[in-house]
Every structure is written in structure tokens, then in C-alpha cells.
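With mmCIF, C-alpha atoms inside, this is start00.cif:
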```cif
data_structure
loop_
_atom_site.label_atom_id
_atom_site.label_comp_id
_atom_site.auth_asym_id
_atom_site.auth_seq_id
_atom_site.Cartn_x
_atom_site.Cartn_y
_atom_site.Cartn_z
CA MET A 229 8.51 -3.32 -0.84
CA THR A 230 5.32 -4.07 1.09
CA PRO A 231 5.55 -5.94 4.40
CA LEU A 232 4.36 -9.52 4.63
CA ARG A 233 0.84 -9.97 5.93
CA ALA A 234 0.07 -12.15 8.93
CA GLY A 235 -1.52 -14.84 6.74
CA ASP A 236 1.58 -15.08 4.58
CA LYS A 237 3.79 -15.36 7.65
CA ALA A 238 1.59 -18.18 8.96
CA ARG A 239 1.81 -20.05 5.65
CA ILE A 240 5.59 -19.68 5.64
CA ALA A 241 5.78 -20.99 9.22
CA MET A 242 3.46 -23.95 8.58
CA ALA A 243 5.05 -25.24 5.35
CA PRO A 244 7.87 -27.24 7.02
CA PHE A 245 5.33 -28.93 9.29
CA HIS A 246 3.78 -30.65 6.26
CA VAL A 247 7.13 -32.27 5.51
CA VAL A 248 7.62 -33.25 9.16
CA ILE A 249 4.12 -34.72 9.49
CA GLY A 250 4.52 -36.64 6.22
CA GLY A 251 7.92 -37.95 7.30
CA THR A 252 6.42 -39.11 10.58
CA MET A 253 3.64 -40.93 8.76
CA ILE A 254 6.13 -42.64 6.47
CA TRP A 255 8.25 -43.58 9.49
CA GLN A 256 5.20 -45.09 11.22
CA PHE A 257 4.50 -47.15 8.09
CA ILE A 258 8.08 -48.44 8.02
CA ALA A 259 8.19 -49.05 11.78
CA GLY A 260 5.27 -51.44 11.81
CA THR A 261 1.87 -50.01 10.99
CA ARG A 262 1.46 -51.55 7.54
CA THR A 263 -1.57 -49.56 6.49
CA PRO A 264 -1.10 -48.51 2.84
CA MET A 265 -3.17 -45.36 3.33
CA LEU A 266 -0.68 -44.19 5.96
CA LEU A 267 2.11 -44.41 3.39
CA VAL A 268 0.05 -42.65 0.73
CA MET A 269 -0.96 -39.83 3.06
CA GLY A 270 2.64 -39.46 4.26
CA LEU A 271 3.94 -39.19 0.70
CA LEU A 272 1.24 -36.67 -0.17
CA PHE A 273 2.10 -34.54 2.86
CA VAL A 274 5.81 -34.57 1.95
CA VAL A 275 5.13 -33.67 -1.68
CA PHE A 276 2.72 -30.88 -0.71
CA GLY A 277 5.18 -29.50 1.84
CA GLY A 278 7.98 -29.54 -0.71
CA TYR A 279 5.75 -27.77 -3.20
CA ARG A 280 4.84 -25.09 -0.66
CA LEU A 281 8.49 -24.59 0.28
CA ALA A 282 9.40 -24.18 -3.41
CA LEU A 283 6.64 -21.59 -3.83
CA ILE A 284 7.83 -19.69 -0.76
CA ARG A 285 11.43 -19.74 -1.96
CA ARG A 286 10.43 -18.44 -5.37
CA ALA A 287 8.18 -15.72 -3.95
CA LEU A 288 10.75 -14.49 -1.46
CA GLY A 289 13.43 -14.55 -4.14
CA ALA A 290 11.26 -12.35 -6.35
CA ARG A 291 10.84 -9.83 -3.51
CA ARG A 292 14.56 -9.06 -3.45
#
```
As C-alpha cells, what does this structure read like?
Amino acid sequence: MTPLRAGDKARIAMAPFHVVIGGTMIWQFIAGTRTPMLLVMGLLFVVFGGYRLALIRRALGARR
């Protein structure tokens, strides 16, 4: 098994931040800033973060 490269480690570390940033944007929309683009961007960040986490889980599962 080959070791993970630094770029892969960085992608793995950054994936949960997409979900956190998206959740924060959605929270800001709910809390009072009623800008529809804020909600859309928040949802897109959460979906993208979830997608990246699913890819990471699948890739690391295949390495075993």
C-alpha cells in the first residue's frame, strides 16, 4: 500500500470544513440575513462537503 500524498491529506482535512462553512451560512440565513444567495451557497457548500466526505470514505475503504 502506498502512503498518502500531502495533497490527499490536505483534501481529507479540508472536506469537513465545507460542511461547517455551509452550515454557518444556512444558520446566518435563518438567524436574520434573508439573502437567498446565502441560503443557496450554504446548501451548495453542504452538498459538496458531503460529496467529498463520501468520496474519501469510499477511497479509504478501498485501500484496506
Hits from the PyMOL selection byres ((chain A and resi 254-258) around 12), listed as a list in words: Val247, Val248, Ile249, Gly250, Gly251, Thr252, Met253, Ala259, Gly260, Thr261, Arg262, Thr263, Pro264, Met265, Leu266, Leu267, Val268, Met269, Gly270, Leu271, Leu272, Phe273 and Val274 of chain A
Residue neighbourhood range 234-242 of chain A, 10 Å, all atoms listed in the file, exclusion window fewer than 6 positions, as a VMD selection string: chain A and resid 277 280 to 281 283 to 285
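The interatomic distance for the pair CA of Ala243 in chain A and CA of Ala282 in chain A works out to 9.8 Å.
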Find the smallest box with edges along x, y and z containing every listed atom of range 275-290 of chain A, then add 5 Å on each side and report centre and edge lengths in Å to one decimal, as AutoDock Vina command-line options.
```
--center_x 8.1 --center_y -23.0 --center_z -2.3 --size_x 20.7 --size_y 31.3 --size_z 18.2
```
When the PyMOL selection byres ((chain A and resi 229-231) around 8) is applied to the structure above, which residues does it catch, written out as a compact mmCIF listing (two decimals) with C-alpha atoms, keeping the file's coordinate frame?
```txt
# COMPACT_ATOMS: atom_id res chain seq x y z
CA LEU A 232 4.36 -9.52 4.63
CA ARG A 233 0.84 -9.97 5.93
CA ARG A 291 10.84 -9.83 -3.51
```
